[in-house]
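Okay, so here's the structure we're looking at.
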Amino acid sequence: PSSTDTIPMSQRRNDRSRQVSPFLVTMAVNIFSALKDSDYKPPVTIFLILLNVFIHLAPYPYLLGFDLSNIRQNCIHPSVIVNGLQHGQFLINRIILSSLIHADDAHLCYNMISLCWKGINLEKYLNSQIYLKLVVFSLVTSHTLVVLIAVVLNVLGFQGHVSGYNSCAVGFSAVIFSLKYVWNSVSPMSTTNVMGINLPTKFAAWAELVVISLITPNASFIGHLAGILAGVLYMKYARHYPAMK
């Protein structure tokens, strides 16, 4: 499973251990094995994996002038984003670049293995150009929905730990959930196994949303939900536009 972790606002990630993490070894073995066994090597997916890994391992990764080792300054934080918009600031680091930051090695491992499998199937099915457009659409749409959902829940009076309005989240998993929904929608498989239960493939992403929230309380339910909703919007509307083809 992949997870978008909600994390302490004070956390930085520039002091990671020099020791080789078992999660990184697991990630490398799984990704190399999947690519080796596949007759298609998805270039966009491979680039995205390398980019995420580089940003995670580099001691001071800078992108577009932002220090991505500082989670607090780059995470999706709905209240901060709304405040920025009210002052005419579009915080691209929080909306876009936050997806490239992972809280720890385990978070990166789960997300990149999942991205690899989704990418091998979807990029081959769609072609690299359309797949890249799907990834960009999923990223922007899902992260925008995270903020909108948090704002609505906050206005309705839900507390911060429920609405996510004051949460700090990072990771690529909202995008992965969107890719998961899209692949499940076009997959030739009629059923998918989720935790030992065979379900109709079209419901698999929704089932995983619930299961991951139960077994990983630290994961962002709203982030994953927003990813699925981005996938729904893509399948119903966005993919039919000429610009997305």
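Lettering and numbering for the structure tokens are positional, with chains as A, B, ... in the shown order, residues counted from 1 in each chain, and ligands counted from 1 in the shown order.
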Pull the alpha helix (DSSP H) assignments for stretch 68-204 of chain A out of DSSP run on the backbone, and list those residues as a count of residues only.
86
Contacts of A:Val211 at 12 Å (only C-alpha atoms; same-chain gap of 3+ positions) as a list in words
Pro1, Ser2, Ser3, Val194, Met195, Gly196, Ile197, Ala204, Ala205, Trp206, Ala207, Glu208, Leu214, Ile215, Thr216, Pro217, Ala219, Phe221 and His224 of chain A
Write out, as a compact mmCIF listing (two decimals), in the first residue's frame, the residues just selected, with all heavy atoms.
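again.txt, freshly written:
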```
# COMPACT_ATOMS: atom_id res chain seq x y z
N PRO A 1 0.83 -1.20 0.00
CA PRO A 1 0.00 0.00 0.00
C PRO A 1 0.86 1.24 0.00
O PRO A 1 2.02 1.23 0.43
CB PRO A 1 -0.78 -0.13 1.30
CG PRO A 1 0.09 -0.93 2.18
CD PRO A 1 0.80 -1.90 1.27
N SER A 2 0.30 2.33 -0.47
CA SER A 2 1.00 3.61 -0.43
C SER A 2 0.34 4.49 0.60
O SER A 2 -0.82 4.33 0.94
CB SER A 2 0.94 4.28 -1.80
OG SER A 2 -0.39 4.53 -2.17
N SER A 3 1.10 5.44 1.13
CA SER A 3 0.51 6.30 2.14
C SER A 3 1.00 7.72 2.02
O SER A 3 2.16 7.97 1.76
CB SER A 3 0.85 5.77 3.54
OG SER A 3 2.23 5.84 3.77
N VAL A 194 -8.02 -7.97 -2.56
CA VAL A 194 -7.69 -6.96 -1.56
C VAL A 194 -7.75 -7.61 -0.19
O VAL A 194 -8.82 -7.99 0.28
CB VAL A 194 -8.67 -5.76 -1.62
CG1 VAL A 194 -8.31 -4.73 -0.55
CG2 VAL A 194 -8.65 -5.11 -3.00
N MET A 195 -6.59 -7.78 0.42
CA MET A 195 -6.49 -8.40 1.75
C MET A 195 -7.16 -9.77 1.78
O MET A 195 -7.88 -10.12 2.72
CB MET A 195 -7.09 -7.48 2.82
CG MET A 195 -6.40 -6.14 2.96
SD MET A 195 -4.71 -6.29 3.56
CE MET A 195 -4.99 -6.82 5.25
N GLY A 196 -6.94 -10.56 0.72
CA GLY A 196 -7.46 -11.91 0.68
C GLY A 196 -8.89 -12.04 0.22
O GLY A 196 -9.44 -13.15 0.19
N ILE A 197 -9.50 -10.91 -0.14
CA ILE A 197 -10.89 -10.92 -0.59
C ILE A 197 -10.95 -10.51 -2.05
O ILE A 197 -10.42 -9.46 -2.43
CB ILE A 197 -11.76 -9.97 0.25
CG1 ILE A 197 -11.71 -10.36 1.73
CG2 ILE A 197 -13.21 -9.99 -0.24
CD1 ILE A 197 -12.43 -9.40 2.64
N ALA A 204 -11.92 -1.81 -6.22
CA ALA A 204 -10.69 -2.13 -5.48
C ALA A 204 -10.06 -0.90 -4.83
O ALA A 204 -9.60 -0.97 -3.69
CB ALA A 204 -9.69 -2.81 -6.41
N ALA A 205 -10.02 0.22 -5.55
CA ALA A 205 -9.40 1.43 -4.99
C ALA A 205 -10.15 1.90 -3.75
O ALA A 205 -9.55 2.33 -2.76
CB ALA A 205 -9.35 2.53 -6.04
N TRP A 206 -11.48 1.82 -3.80
CA TRP A 206 -12.29 2.24 -2.65
C TRP A 206 -12.04 1.31 -1.47
O TRP A 206 -11.95 1.77 -0.31
CB TRP A 206 -13.77 2.24 -3.02
CG TRP A 206 -14.12 3.22 -4.10
CD1 TRP A 206 -14.33 2.96 -5.42
CD2 TRP A 206 -14.28 4.64 -3.95
NE1 TRP A 206 -14.62 4.13 -6.10
CE2 TRP A 206 -14.60 5.17 -5.23
CE3 TRP A 206 -14.19 5.51 -2.85
CZ2 TRP A 206 -14.83 6.53 -5.44
CZ3 TRP A 206 -14.42 6.86 -3.06
CH2 TRP A 206 -14.73 7.37 -4.33
N ALA A 207 -11.92 0.02 -1.74
CA ALA A 207 -11.66 -0.94 -0.67
C ALA A 207 -10.29 -0.69 -0.04
O ALA A 207 -10.14 -0.72 1.19
CB ALA A 207 -11.74 -2.36 -1.21
N GLU A 208 -9.29 -0.42 -0.87
CA GLU A 208 -7.94 -0.14 -0.36
C GLU A 208 -7.92 1.14 0.45
O GLU A 208 -7.17 1.26 1.42
CB GLU A 208 -6.95 -0.08 -1.52
CG GLU A 208 -6.67 -1.42 -2.15
CD GLU A 208 -5.60 -1.36 -3.21
OE1 GLU A 208 -4.60 -0.64 -3.00
OE2 GLU A 208 -5.75 -1.99 -4.27
N LEU A 214 -7.51 1.84 8.04
CA LEU A 214 -7.65 1.03 9.25
C LEU A 214 -6.32 0.52 9.77
O LEU A 214 -6.07 0.51 10.98
CB LEU A 214 -8.59 -0.14 8.98
CG LEU A 214 -10.06 0.21 8.74
CD1 LEU A 214 -10.85 -1.05 8.37
CD2 LEU A 214 -10.68 0.88 9.97
N ILE A 215 -5.44 0.09 8.85
CA ILE A 215 -4.17 -0.52 9.29
C ILE A 215 -3.05 0.51 9.42
O ILE A 215 -2.04 0.24 10.05
CB ILE A 215 -3.73 -1.64 8.33
CG1 ILE A 215 -3.42 -1.10 6.93
CG2 ILE A 215 -4.78 -2.73 8.26
CD1 ILE A 215 -2.90 -2.14 5.97
N THR A 216 -3.24 1.70 8.82
CA THR A 216 -2.23 2.76 8.91
C THR A 216 -2.90 4.06 9.32
O THR A 216 -3.18 4.92 8.48
CB THR A 216 -1.49 2.95 7.57
OG1 THR A 216 -1.14 1.68 7.03
CG2 THR A 216 -0.24 3.80 7.75
N PRO A 217 -3.20 4.23 10.61
CA PRO A 217 -3.92 5.43 11.06
C PRO A 217 -3.19 6.73 10.73
O PRO A 217 -3.83 7.78 10.63
CB PRO A 217 -4.00 5.23 12.58
CG PRO A 217 -3.85 3.76 12.78
CD PRO A 217 -2.91 3.30 11.71
N ALA A 219 -1.86 7.48 7.98
CA ALA A 219 -2.05 7.84 6.58
C ALA A 219 -3.16 8.87 6.45
O ALA A 219 -4.09 8.92 7.26
CB ALA A 219 -2.38 6.60 5.76
N PHE A 221 -6.37 9.95 5.11
CA PHE A 221 -7.58 9.46 4.45
C PHE A 221 -8.05 10.44 3.39
O PHE A 221 -8.41 10.06 2.28
CB PHE A 221 -8.68 9.25 5.50
CG PHE A 221 -9.99 8.80 4.91
CD1 PHE A 221 -10.23 7.46 4.66
CD2 PHE A 221 -10.99 9.73 4.59
CE1 PHE A 221 -11.44 7.04 4.11
CE2 PHE A 221 -12.19 9.32 4.05
CZ PHE A 221 -12.42 7.97 3.80
N HIS A 224 -5.83 10.29 0.20
CA HIS A 224 -6.11 9.13 -0.63
C HIS A 224 -7.48 9.26 -1.31
O HIS A 224 -7.64 8.92 -2.48
CB HIS A 224 -6.07 7.86 0.21
CG HIS A 224 -4.71 7.57 0.77
ND1 HIS A 224 -4.49 6.62 1.73
CD2 HIS A 224 -3.50 8.10 0.49
CE1 HIS A 224 -3.19 6.57 2.03
NE2 HIS A 224 -2.58 7.47 1.28
```
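Across A:Leu134, A:Val44, A:Ile120, A:Val20, the tightest approach to A:His240 is made by A:Leu134 when counting only C-alpha atoms.
The smallest atom-to-atom distance between A:Met112 and any of A:Ile76, A:Leu85, A:Leu24, A:Leu148, using only C-alpha atoms, is found for A:Leu24.
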If you count only C-alpha atoms, which residues fall within 12 Å of A:Val186, apart from same-chain ones fewer than 6 positions away, as a ChimeraX atom specification?
/A:121-122,125-126,179-180,201-202,231,235
Next, write the just-selected residues to a file, as a PDB file, in the first residue's frame, keeping N, CA, C and O atoms as the atom set.
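What landed in again.pdb:
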```
ATOM      1  N   ASN A 121       1.885  -0.830 -16.088  1.00  0.00           N
ATOM      2  CA  ASN A 121       0.618  -1.167 -16.743  1.00  0.00           C
ATOM      3  C   ASN A 121      -0.007   0.017 -17.465  1.00  0.00           C
ATOM      4  O   ASN A 121      -0.381  -0.085 -18.638  1.00  0.00           O
ATOM      5  N   LEU A 122      -0.111   1.148 -16.765  1.00  0.00           N
ATOM      6  CA  LEU A 122      -0.828   2.295 -17.335  1.00  0.00           C
ATOM      7  C   LEU A 122      -0.057   2.993 -18.442  1.00  0.00           C
ATOM      8  O   LEU A 122      -0.635   3.390 -19.458  1.00  0.00           O
ATOM      9  N   TYR A 125      -0.359   1.004 -21.487  1.00  0.00           N
ATOM     10  CA  TYR A 125      -1.735   1.044 -22.005  1.00  0.00           C
ATOM     11  C   TYR A 125      -2.046   2.381 -22.681  1.00  0.00           C
ATOM     12  O   TYR A 125      -2.668   2.414 -23.751  1.00  0.00           O
ATOM     13  N   LEU A 126      -1.599   3.479 -22.083  1.00  0.00           N
ATOM     14  CA  LEU A 126      -1.970   4.807 -22.578  1.00  0.00           C
ATOM     15  C   LEU A 126      -0.982   5.384 -23.590  1.00  0.00           C
ATOM     16  O   LEU A 126      -1.373   6.161 -24.452  1.00  0.00           O
ATOM     17  N   LEU A 179      -3.993   7.007 -10.125  1.00  0.00           N
ATOM     18  CA  LEU A 179      -3.544   6.034 -11.124  1.00  0.00           C
ATOM     19  C   LEU A 179      -4.184   4.668 -10.865  1.00  0.00           C
ATOM     20  O   LEU A 179      -4.553   3.956 -11.807  1.00  0.00           O
ATOM     21  N   LYS A 180      -4.316   4.314  -9.600  1.00  0.00           N
ATOM     22  CA  LYS A 180      -4.939   3.044  -9.224  1.00  0.00           C
ATOM     23  C   LYS A 180      -6.378   2.989  -9.730  1.00  0.00           C
ATOM     24  O   LYS A 180      -6.817   1.982 -10.304  1.00  0.00           O
ATOM     25  N   THR A 201     -12.978  -5.365  -9.719  1.00  0.00           N
ATOM     26  CA  THR A 201     -11.827  -4.470  -9.869  1.00  0.00           C
ATOM     27  C   THR A 201     -12.216  -3.000  -9.752  1.00  0.00           C
ATOM     28  O   THR A 201     -11.463  -2.194  -9.201  1.00  0.00           O
ATOM     29  N   LYS A 202     -13.390  -2.642 -10.234  1.00  0.00           N
ATOM     30  CA  LYS A 202     -13.791  -1.225 -10.210  1.00  0.00           C
ATOM     31  C   LYS A 202     -13.982  -0.695  -8.787  1.00  0.00           C
ATOM     32  O   LYS A 202     -14.003   0.522  -8.578  1.00  0.00           O
ATOM     33  N   GLY A 231      -9.031  10.550 -10.000  1.00  0.00           N
ATOM     34  CA  GLY A 231      -9.158   9.487 -10.995  1.00  0.00           C
ATOM     35  C   GLY A 231     -10.553   9.424 -11.591  1.00  0.00           C
ATOM     36  O   GLY A 231     -10.718   9.223 -12.804  1.00  0.00           O
ATOM     37  N   MET A 235     -11.472   9.959 -15.586  1.00  0.00           N
ATOM     38  CA  MET A 235     -12.178   8.972 -16.398  1.00  0.00           C
ATOM     39  C   MET A 235     -13.485   9.526 -16.962  1.00  0.00           C
ATOM     40  O   MET A 235     -13.844   9.236 -18.106  1.00  0.00           O
TER      41      MET A 235
END
```
Spatial neighbours of stretch 96-99 of chain A, 6 Å, only C-alpha atoms, chain gap at least 6 places, as a ChimeraX atom specification
/A:74-75,170-172
Prev. selection, N, CA and C atoms, output as a PDB file, in the first residue's frame:
```pdb
ATOM      1  N   ASN A  74       7.153  22.802   3.185  1.00  0.00           N
ATOM      2  CA  ASN A  74       6.723  22.376   1.851  1.00  0.00           C
ATOM      3  C   ASN A  74       5.552  21.400   1.839  1.00  0.00           C
ATOM      4  N   CYS A  75       5.045  21.020   2.988  1.00  0.00           N
ATOM      5  CA  CYS A  75       3.961  20.046   3.026  1.00  0.00           C
ATOM      6  C   CYS A  75       2.629  20.680   2.602  1.00  0.00           C
ATOM      7  N   VAL A 170       2.667  14.953   3.148  1.00  0.00           N
ATOM      8  CA  VAL A 170       3.565  14.856   1.996  1.00  0.00           C
ATOM      9  C   VAL A 170       3.409  13.487   1.352  1.00  0.00           C
ATOM     10  N   GLY A 171       3.949  13.353   0.153  1.00  0.00           N
ATOM     11  CA  GLY A 171       3.986  12.050  -0.492  1.00  0.00           C
ATOM     12  C   GLY A 171       3.284  12.006  -1.833  1.00  0.00           C
ATOM     13  N   PHE A 172       3.587  10.955  -2.584  1.00  0.00           N
ATOM     14  CA  PHE A 172       3.084  10.786  -3.954  1.00  0.00           C
ATOM     15  C   PHE A 172       1.802   9.957  -3.998  1.00  0.00           C
TER      16      PHE A 172
END
```
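With only C-alpha atoms as the atoms that count, the minimum distance from A:Arg94 to the choices A:Arg72, A:His161, A:His56, A:His107 is reached by A:Arg72.
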List as number ranges by chain the protein and nucleic acid residues near A:Ala106, meaning an atom at most 9 Å away when only C-alpha atoms are counted, but skip any in the same chain fewer than 5 places from it.
A: 21-24, 27, 111
Enumerate, in order of chain and increasing residue number, the residues of stretch 81-112 of chain A with an atom no farther than 8 Å from stretch 49-55 of chain A, each with its shortest atom pair and distance in Å to one decimal, counting only C-alpha atoms, as JSON lines.
```
{"residue": "A:Leu100", "atom": "CA", "partner": "A:Asn52", "partner_atom": "CA", "distance": 5.4}
{"residue": "A:Ile101", "atom": "CA", "partner": "A:Ile55", "partner_atom": "CA", "distance": 7.0}
{"residue": "A:Leu108", "atom": "CA", "partner": "A:Val53", "partner_atom": "CA", "distance": 7.6}
{"residue": "A:Met112", "atom": "CA", "partner": "A:Ile49", "partner_atom": "CA", "distance": 6.1}
```
Take the residues that were just selected and, keeping N, CA and C atoms, output them as an mmCIF file, in the first residue's frame.
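Printed below is out-v1.cif as written:
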```
data_model
loop_
_atom_site.group_PDB
_atom_site.id
_atom_site.type_symbol
_atom_site.label_atom_id
_atom_site.label_comp_id
_atom_site.auth_asym_id
_atom_site.auth_seq_id
_atom_site.Cartn_x
_atom_site.Cartn_y
_atom_site.Cartn_z
ATOM 1 N N LEU A 100 6.674 15.206 -3.955
ATOM 2 C CA LEU A 100 7.988 14.594 -4.161
ATOM 3 C C LEU A 100 8.745 14.368 -2.861
ATOM 4 N N ILE A 101 8.136 14.720 -1.742
ATOM 5 C CA ILE A 101 8.768 14.577 -0.430
ATOM 6 C C ILE A 101 8.158 13.381 0.290
ATOM 7 N N LEU A 108 8.635 6.149 1.346
ATOM 8 C CA LEU A 108 9.149 6.153 -0.028
ATOM 9 C C LEU A 108 9.049 4.762 -0.641
ATOM 10 N N MET A 112 6.927 4.058 -4.050
ATOM 11 C CA MET A 112 7.632 3.830 -5.311
ATOM 12 C C MET A 112 7.376 2.429 -5.868
#
```
Sel. of strand (DSSP E) residues, stretch 34-160 of chain A, as an NGL selection string:
:A and (62-63 or 66-67)
Write the residues you've just listed into a file as a PDB file, in the first residue's frame, and include all heavy atoms for each of them.
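Generated output (selection-v6.pdb):
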```pdb
ATOM      1  N   TYR A  62      17.303  20.836  -3.543  1.00  0.00           N
ATOM      2  CA  TYR A  62      16.645  22.091  -3.912  1.00  0.00           C
ATOM      3  C   TYR A  62      15.983  21.925  -5.273  1.00  0.00           C
ATOM      4  O   TYR A  62      16.559  21.371  -6.196  1.00  0.00           O
ATOM      5  CB  TYR A  62      17.662  23.231  -3.967  1.00  0.00           C
ATOM      6  CG  TYR A  62      18.027  23.779  -2.602  1.00  0.00           C
ATOM      7  CD1 TYR A  62      19.024  23.179  -1.841  1.00  0.00           C
ATOM      8  CD2 TYR A  62      17.362  24.891  -2.083  1.00  0.00           C
ATOM      9  CE1 TYR A  62      19.355  23.670  -0.585  1.00  0.00           C
ATOM     10  CE2 TYR A  62      17.690  25.393  -0.824  1.00  0.00           C
ATOM     11  CZ  TYR A  62      18.680  24.779  -0.077  1.00  0.00           C
ATOM     12  OH  TYR A  62      19.003  25.268   1.158  1.00  0.00           O
ATOM     13  N   LEU A  63      14.740  22.399  -5.366  1.00  0.00           N
ATOM     14  CA  LEU A  63      14.003  22.368  -6.618  1.00  0.00           C
ATOM     15  C   LEU A  63      13.191  23.647  -6.712  1.00  0.00           C
ATOM     16  O   LEU A  63      12.436  23.978  -5.791  1.00  0.00           O
ATOM     17  CB  LEU A  63      13.093  21.142  -6.676  1.00  0.00           C
ATOM     18  CG  LEU A  63      12.429  20.827  -8.028  1.00  0.00           C
ATOM     19  CD1 LEU A  63      13.499  20.567  -9.085  1.00  0.00           C
ATOM     20  CD2 LEU A  63      11.523  19.604  -7.903  1.00  0.00           C
ATOM     21  N   PHE A  66      13.347  25.838  -3.669  1.00  0.00           N
ATOM     22  CA  PHE A  66      12.805  25.376  -2.389  1.00  0.00           C
ATOM     23  C   PHE A  66      13.658  24.240  -1.831  1.00  0.00           C
ATOM     24  O   PHE A  66      14.039  23.327  -2.559  1.00  0.00           O
ATOM     25  CB  PHE A  66      11.364  24.891  -2.556  1.00  0.00           C
ATOM     26  CG  PHE A  66      10.405  25.967  -2.969  1.00  0.00           C
ATOM     27  CD1 PHE A  66      10.004  26.074  -4.298  1.00  0.00           C
ATOM     28  CD2 PHE A  66       9.912  26.876  -2.037  1.00  0.00           C
ATOM     29  CE1 PHE A  66       9.125  27.060  -4.690  1.00  0.00           C
ATOM     30  CE2 PHE A  66       9.019  27.868  -2.425  1.00  0.00           C
ATOM     31  CZ  PHE A  66       8.630  27.969  -3.758  1.00  0.00           C
ATOM     32  N   ASP A  67      13.954  24.313  -0.527  1.00  0.00           N
ATOM     33  CA  ASP A  67      14.692  23.248   0.148  1.00  0.00           C
ATOM     34  C   ASP A  67      13.710  22.152   0.540  1.00  0.00           C
ATOM     35  O   ASP A  67      12.985  22.271   1.532  1.00  0.00           O
ATOM     36  CB  ASP A  67      15.379  23.820   1.396  1.00  0.00           C
ATOM     37  CG  ASP A  67      16.079  22.742   2.223  1.00  0.00           C
ATOM     38  OD1 ASP A  67      16.218  21.607   1.715  1.00  0.00           O
ATOM     39  OD2 ASP A  67      16.473  23.036   3.373  1.00  0.00           O
TER      40      ASP A  67
END
```
Could you state the separation of atom CA of A:Tyr165 and atom CA of A:Ile212 in Å, given to one decimal place?
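These two atoms are separated by 20.7 Å.
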